[in-house]
>>> print(open('start-v3.txt').read())   # compact mmCIF, C-alpha atoms
# COMPACT_ATOMS: atom_id res chain seq x y z
CA MET A 1 22.43 11.82 -12.85
CA GLU A 2 18.73 12.57 -12.64
CA GLN A 3 17.35 14.56 -9.70
CA VAL A 4 14.36 12.27 -9.19
CA ALA A 5 13.85 8.52 -9.50
CA ILE A 6 10.24 7.43 -9.96
CA VAL A 7 9.76 3.88 -8.68
CA ILE A 8 6.62 2.00 -9.73
CA PRO A 9 6.01 -1.42 -8.16
CA ASN A 10 3.98 -3.74 -10.38
CA TYR A 11 2.28 -7.08 -10.02
CA ASN A 12 0.02 -8.16 -12.91
CA GLY A 13 -0.84 -4.53 -13.53
CA ARG A 14 -0.75 -4.54 -17.33
CA SER A 15 -4.23 -2.96 -17.57
CA TYR A 16 -3.08 0.12 -15.63
CA LEU A 17 0.36 0.72 -17.07
CA GLU A 18 -0.54 2.63 -20.24
CA VAL A 19 -2.47 5.32 -18.36
CA CYS A 20 0.22 5.55 -15.67
CA LEU A 21 3.21 5.78 -18.01
CA GLU A 22 1.57 8.05 -20.57
CA ALA A 23 0.89 10.60 -17.84
CA LEU A 24 4.57 10.57 -16.86
CA LYS A 25 5.52 11.36 -20.46
CA GLN A 26 3.57 14.64 -20.17
CA GLN A 27 5.43 16.03 -17.16
CA THR A 28 6.55 19.68 -17.02
CA PHE A 29 9.63 18.64 -15.00
CA ARG A 30 11.82 16.29 -17.01
CA ASP A 31 14.87 15.53 -14.84
CA PHE A 32 13.72 12.09 -13.73
CA ALA A 33 14.05 8.41 -14.59
CA VAL A 34 11.32 5.80 -14.26
CA TYR A 35 11.97 2.39 -12.69
CA LEU A 36 9.35 -0.33 -13.02
CA VAL A 37 9.93 -3.06 -10.43
CA ASP A 38 7.99 -6.16 -11.40
CA ASN A 39 7.06 -8.60 -8.65
CA GLY A 40 7.03 -11.76 -10.74
CA SER A 41 3.98 -10.86 -12.85
CA THR A 42 2.34 -13.61 -14.87
CA ASP A 43 0.69 -11.20 -17.32
CA ASP A 44 2.54 -9.40 -20.14
CA SER A 45 3.41 -6.29 -18.10
CA CYS A 46 7.16 -6.46 -18.73
CA ALA A 47 6.90 -7.25 -22.43
CA TYR A 48 4.39 -4.44 -22.93
CA VAL A 49 6.59 -1.86 -21.19
CA ALA A 50 9.72 -3.02 -23.04
CA GLU A 51 7.94 -2.58 -26.38
CA HIS A 52 6.06 0.66 -25.78
CA TYR A 53 8.16 2.45 -23.13
CA PRO A 54 11.79 1.43 -23.75
CA SER A 55 13.14 4.33 -21.65
CA VAL A 56 11.58 2.80 -18.52
CA ARG A 57 14.22 0.88 -16.58
CA GLN A 58 12.86 -2.50 -15.59
CA ILE A 59 13.83 -4.53 -12.55
CA ARG A 60 12.31 -8.00 -12.76
CA LEU A 61 11.95 -10.07 -9.59
CA ASP A 62 11.30 -13.80 -9.77
CA ASP A 63 8.36 -13.83 -7.35
CA ASN A 64 5.91 -11.54 -5.57
CA TYR A 65 7.98 -10.22 -2.67
CA GLY A 66 5.54 -7.48 -1.74
CA PHE A 67 5.45 -3.70 -1.95
CA SER A 68 8.33 -2.98 0.43
CA ARG A 69 10.86 -5.27 -1.26
CA ALA A 70 9.86 -3.97 -4.69
CA VAL A 71 10.27 -0.28 -3.88
CA ASN A 72 13.52 -0.96 -2.02
CA GLU A 73 14.94 -2.63 -5.14
CA GLY A 74 13.99 0.46 -7.13
CA ILE A 75 15.47 2.85 -4.59
CA ARG A 76 18.76 0.94 -4.50
CA SER A 77 19.00 0.94 -8.29
CA SER A 78 19.06 4.73 -8.46
CA LYS A 79 21.38 7.35 -7.00
CA ALA A 80 18.95 10.27 -7.43
CA PRO A 81 18.71 12.54 -4.35
CA TYR A 82 14.91 12.27 -4.39
CA VAL A 83 12.68 9.25 -4.90
CA ILE A 84 9.01 9.30 -5.89
CA LEU A 85 7.03 6.15 -5.18
CA LEU A 86 4.01 5.77 -7.44
CA ASN A 87 1.35 3.07 -7.61
CA ASN A 88 0.73 1.58 -11.02
CA ASP A 89 -3.03 2.30 -10.84
CA THR A 90 -2.56 6.08 -10.99
CA GLN A 91 -2.80 8.94 -13.47
CA VAL A 92 -0.70 11.93 -12.43
CA PHE A 93 -1.33 15.55 -13.40
CA PRO A 94 1.21 17.21 -15.78
CA ASP A 95 2.98 19.14 -12.98
CA PHE A 96 2.88 16.28 -10.46
CA VAL A 97 6.64 15.64 -10.38
CA GLU A 98 7.48 19.34 -10.43
CA GLN A 99 5.20 20.12 -7.49
CA LEU A 100 6.54 17.28 -5.36
CA TYR A 101 10.15 18.15 -6.18
CA LEU A 102 9.74 21.86 -5.43
CA GLY A 103 7.72 21.11 -2.31
CA ILE A 104 10.30 18.88 -0.66
CA CYS A 105 13.20 21.13 -1.70
CA GLN A 106 11.51 24.08 0.04
CA ARG A 107 11.09 22.14 3.30
CA LYS A 108 14.54 21.37 4.64
CA LYS A 109 13.35 19.13 7.50
CA ALA A 110 10.97 17.16 5.30
CA PHE A 111 11.56 13.45 4.94
CA ALA A 112 8.53 12.90 2.70
CA CYS A 113 5.81 14.86 0.93
CA SER A 114 2.55 13.20 0.01
CA ALA A 115 0.53 14.10 -3.08
CA LYS A 116 -3.21 14.76 -3.22
CA LEU A 117 -4.67 11.40 -4.21
CA ILE A 118 -8.08 11.83 -5.82
CA SER A 119 -10.48 8.98 -6.50
CA TYR A 120 -10.16 7.86 -10.13
CA ARG A 121 -13.86 6.99 -10.33
CA GLU A 122 -15.26 9.84 -8.21
CA ARG A 123 -13.10 12.78 -9.18
CA ASP A 124 -14.58 15.20 -6.69
CA LYS A 125 -13.62 12.91 -3.78
CA ILE A 126 -10.37 12.39 -1.88
CA ASP A 127 -8.70 9.00 -1.90
CA ASP A 128 -5.83 9.99 0.42
CA ALA A 129 -4.61 13.35 1.73
CA GLY A 130 -1.82 11.94 3.85
CA ASN A 131 -1.74 9.21 6.49
CA TYR A 132 -2.78 9.78 10.07
CA TYR A 133 -2.34 7.61 13.14
CA ASN A 134 -4.56 7.97 16.21
CA LEU A 135 -4.79 7.03 19.88
CA LEU A 136 -6.70 3.82 19.09
CA GLY A 137 -3.78 2.51 17.04
CA TRP A 138 -5.56 3.07 13.75
CA ALA A 139 -3.65 4.23 10.70
CA PHE A 140 -5.97 5.73 8.12
CA ALA A 141 -6.13 7.76 4.93
CA ARG A 142 -6.95 11.33 5.79
CA GLY A 143 -10.03 12.68 4.02
CA LYS A 144 -10.98 9.45 2.24
CA GLY A 145 -14.38 9.79 0.57
CA LYS A 146 -14.71 13.49 1.41
CA SER A 147 -14.86 16.42 -0.98
CA ALA A 148 -11.52 17.10 -2.64
CA ALA A 149 -12.20 20.84 -2.32
CA LEU A 150 -11.74 20.57 1.47
CA TYR A 151 -8.07 19.59 1.16
CA GLU A 152 -6.37 22.46 -0.64
CA LYS A 153 -4.02 23.54 2.14
CA PRO A 154 -0.44 22.23 2.55
CA GLU A 155 0.17 20.95 6.06
CA LYS A 156 2.14 18.59 8.25
CA ILE A 157 0.89 15.01 8.44
CA PHE A 158 1.87 11.92 10.38
CA ALA A 159 3.18 10.06 7.31
CA ALA A 160 3.04 10.22 3.52
CA CYS A 161 0.99 7.78 1.48
CA ALA A 162 3.54 5.79 -0.51
CA GLY A 163 1.08 5.42 -3.37
CA ALA A 164 2.20 8.87 -4.56
CA ALA A 165 4.91 10.57 -2.50
CA ILE A 166 8.46 11.91 -2.70
CA TYR A 167 11.24 10.94 -0.25
CA ARG A 168 14.63 12.46 0.54
CA ARG A 169 17.36 9.88 -0.10
CA GLU A 170 19.85 11.20 2.45
CA ILE A 171 17.29 10.54 5.20
CA LEU A 172 16.49 7.08 3.81
CA ASP A 173 20.23 6.40 4.03
CA GLN A 174 20.12 7.44 7.68
CA ILE A 175 16.95 5.72 8.93
CA GLY A 176 16.84 2.74 6.56
CA LEU A 177 14.60 1.73 3.68
CA PHE A 178 11.07 0.30 3.85
CA ASP A 179 10.72 -2.62 6.24
CA GLU A 180 10.28 -5.73 4.09
CA GLU A 181 8.64 -7.59 6.97
CA HIS A 182 5.56 -5.48 6.26
CA PHE A 183 5.25 -7.04 2.78
CA ALA A 184 2.31 -4.72 2.04
CA TYR A 185 0.20 -2.18 3.99
CA LEU A 186 1.30 0.27 6.69
CA GLU A 187 4.90 0.23 5.46
CA ASP A 188 4.49 3.93 4.61
CA THR A 189 3.13 4.73 8.08
CA ASP A 190 6.01 2.77 9.61
CA ILE A 191 8.73 4.63 7.73
CA GLY A 192 7.04 7.98 8.36
CA TYR A 193 6.84 7.15 12.08
CA ARG A 194 10.53 6.19 12.04
CA ALA A 195 11.47 9.49 10.39
CA ARG A 196 9.53 11.43 13.03
CA ILE A 197 11.41 9.61 15.80
CA PHE A 198 14.62 10.87 14.15
CA GLY A 199 13.26 14.44 14.21
CA TYR A 200 12.09 14.83 10.60
CA GLU A 201 8.73 15.97 9.24
CA ASN A 202 6.18 14.76 6.69
CA TYR A 203 3.93 17.01 4.61
CA TYR A 204 0.84 16.93 2.43
CA LEU A 205 1.14 18.91 -0.82
CA PRO A 206 -2.25 19.44 -2.53
CA SER A 207 -0.62 21.07 -5.56
CA ALA A 208 0.73 17.64 -6.58
CA LYS A 209 -2.37 15.86 -7.83
CA VAL A 210 -2.97 12.29 -8.97
CA TYR A 211 -5.99 10.16 -9.74
CA HIS A 212 -5.87 6.80 -7.95
CA VAL A 213 -7.98 3.72 -8.72
CA GLY A 214 -7.19 2.09 -5.37
CA SER A 215 -6.59 -1.60 -4.55
CA GLY A 216 -5.46 -2.14 -8.12
CA THR A 217 -3.24 -5.04 -7.09
CA SER A 218 -5.10 -6.56 -4.12
CA GLY A 219 -8.47 -6.34 -5.87
CA SER A 220 -10.81 -4.58 -3.42
CA ARG A 221 -10.82 -2.27 -0.43
CA TYR A 222 -11.60 -5.06 2.05
CA ASN A 223 -10.33 -8.53 1.14
CA LEU A 224 -8.80 -11.38 3.14
CA PHE A 225 -5.25 -10.64 1.96
CA LYS A 226 -5.50 -6.99 2.95
CA ILE A 227 -7.21 -7.69 6.28
CA ARG A 228 -4.57 -10.24 7.30
CA TYR A 229 -1.58 -8.08 6.48
CA SER A 230 -3.11 -4.86 7.80
CA SER A 231 -3.99 -6.51 11.12
CA ARG A 232 -0.56 -8.09 11.54
CA ASN A 233 1.26 -4.93 10.54
CA ASN A 234 -0.80 -2.78 12.89
CA ILE A 235 0.60 -4.71 15.84
CA TYR A 236 4.10 -4.85 14.34
CA LEU A 237 4.04 -1.06 13.85
CA ILE A 238 3.46 -0.52 17.57
CA TYR A 239 6.02 -3.13 18.60
CA LYS A 240 8.70 -1.52 16.41
CA ASN A 241 8.17 2.16 16.98
CA MET A 242 6.18 2.99 20.09
CA PRO A 243 8.16 3.48 23.33
CA ILE A 244 7.14 1.09 26.13
CA GLY A 245 5.96 3.99 28.29
CA GLN A 246 3.64 5.19 25.56
CA ILE A 247 2.33 1.65 24.98
CA LEU A 248 1.43 1.36 28.67
CA LEU A 249 -0.19 4.80 28.67
CA ASN A 250 -2.18 4.08 25.51
CA LEU A 251 -3.05 0.47 26.36
CA PRO A 252 -6.74 1.03 27.22
CA ALA A 253 -7.30 2.98 23.98
CA LEU A 254 -5.31 0.44 21.95
CA PHE A 255 -7.40 -2.39 23.42
CA VAL A 256 -10.63 -0.65 22.41
CA GLY A 257 -9.23 0.13 18.96
CA PHE A 258 -8.22 -3.46 18.23
CA LEU A 259 -11.51 -4.80 19.62
CA VAL A 260 -13.55 -2.53 17.33
CA LYS A 261 -11.47 -3.59 14.31
CA LEU A 262 -11.82 -7.26 15.23
CA VAL A 263 -15.61 -6.95 15.32
CA PHE A 264 -15.74 -4.88 12.12
CA PHE A 265 -13.61 -7.21 10.02
CA SER A 266 -15.24 -10.33 11.47
CA LEU A 267 -18.62 -9.00 10.32
>>> encode(input="start-v3.txt", output="structure tokens")
Amino acid sequence: MEQVAIVIPNYNGRSYLEVCLEALKQQTFRDFAVYLVDNGSTDDSCAYVAEHYPSVRQIRLDDNYGFSRAVNEGIRSSKAPYVILLNNDTQVFPDFVEQLYLGICQRKKAFACSAKLISYRERDKIDDAGNYYNLLGWAFARGKGKSAALYEKPEKIFAACAGAAIYRREILDQIGLFDEEHFAYLEDTDIGYRARIFGYENYYLPSAKVYHVGSGTSGSRYNLFKIRYSSRNNIYLIYKNMPIGQILLNLPALFVGFLVKLVFFSL
């Protein structure tokens, strides 16, 4: 049995798959299997992978059930003790898997370790250096748009970005898999929050590097689909995880936070 399962959710991502899968073929650490979970694509993603990457294990769903359902199907299909979730619009560095694997093995209380996501188009800029969550109820990508050179130190974070992160299966078995009610967006913050409630930790590992296009499936950084699901899931995240006492204490800040977002996205 492999030590690591790499789960790649895909929806009409044929144009990204060659770059993504070729980079995985160049890895220094080889004890892994790749699972492509296709969310009912209407392009030739599955046929292309079957022809050019026959070692990739495909799981084909009959419709687009969202990110959470897709990665859960991949996680359930493997018994590996560690699971890497990887977006299809990525290009990992040759030691990406090795660095994530070593990093989580060295941190016994770690539930997840997030890679250093670098902008594919602006390669001196950060795309995501771990997910943070603040008093206003905003979940956001740490360091987005800032110089990549500023984020070279490993550290604890609120939650790992599921676009490129490794998870410990035994903790997933304890706290549950990704919440499929999220469909897409904030599901990684939710599961990281849940792990913290159980007493586990999440880390950012800058030695594990990956280029990320961003919004490769939804189409753009701000679009109606993303705004709707992000807004809904922001409220759902609080409802699920935040103790009632903390909600009452944070209510003024949460009100301001949601008001600012309402105005921003309305504009």
>>> closest_atom_pairs(input="start-v3.txt", of="range 174-214 of chain A", to="range 243-248 of chain A", cutoff="12 Å", atoms="all atoms listed in the file", output="CSV")
residue,atom,partner,partner_atom,distance
A:Tyr193,CA,A:Pro243,CA,11.9
A:Arg194,CA,A:Pro243,CA,11.9
A:Ile197,CA,A:Pro243,CA,10.2
>>> closest_residue(input="start-v3.txt", among="A:Glu152, A:Asp89, A:Asp188, A:Asp127", to="Ser207 in chain A", atoms="only C-alpha atoms")
A:Glu152
>>> residues_around(input="start-v3.txt", residues="Cys105 in chain A", least_positions_apart="4", cutoff="12 Å", atoms="all atoms listed in the file", output="number ranges by chain")
A: 3-4, 81-82, 98-101, 109-113, 166-168, 203
>>> atom_distance(input="start-v3.txt", atom1="CA of Arg76 in chain A", atom2="CA of Gly192 in chain A")
18.8 Å
>>> closest_residue(input="start-v3.txt", among="A:Ala148, A:Ala164, A:Leu17, A:Ala141", to="Val92 in chain A", atoms="all atoms listed in the file")
A:Ala164
>>> closest_residue(input="start-v3.txt", among="A:Asp124, A:Glu187, A:Asp173, A:Glu201", to="Ser68 in chain A", atoms="only C-alpha atoms")
A:Glu187
>>> residues_around(input="start-v3.txt", residues="Tyr204 in chain A", least_positions_apart="6", cutoff="7 Å", atoms="all atoms listed in the file", output="ChimeraX atom specification")
/A:113-115,129-130,154-157
>>> atom_distance(input="start-v3.txt", atom1="CA of Cys46 in chain A", atom2="CA of Leu172 in chain A")
27.9 Å
>>> atom_distance(input="start-v3.txt", atom1="CA of Ala70 in chain A", atom2="CA of Gly199 in chain A")
26.6 Å
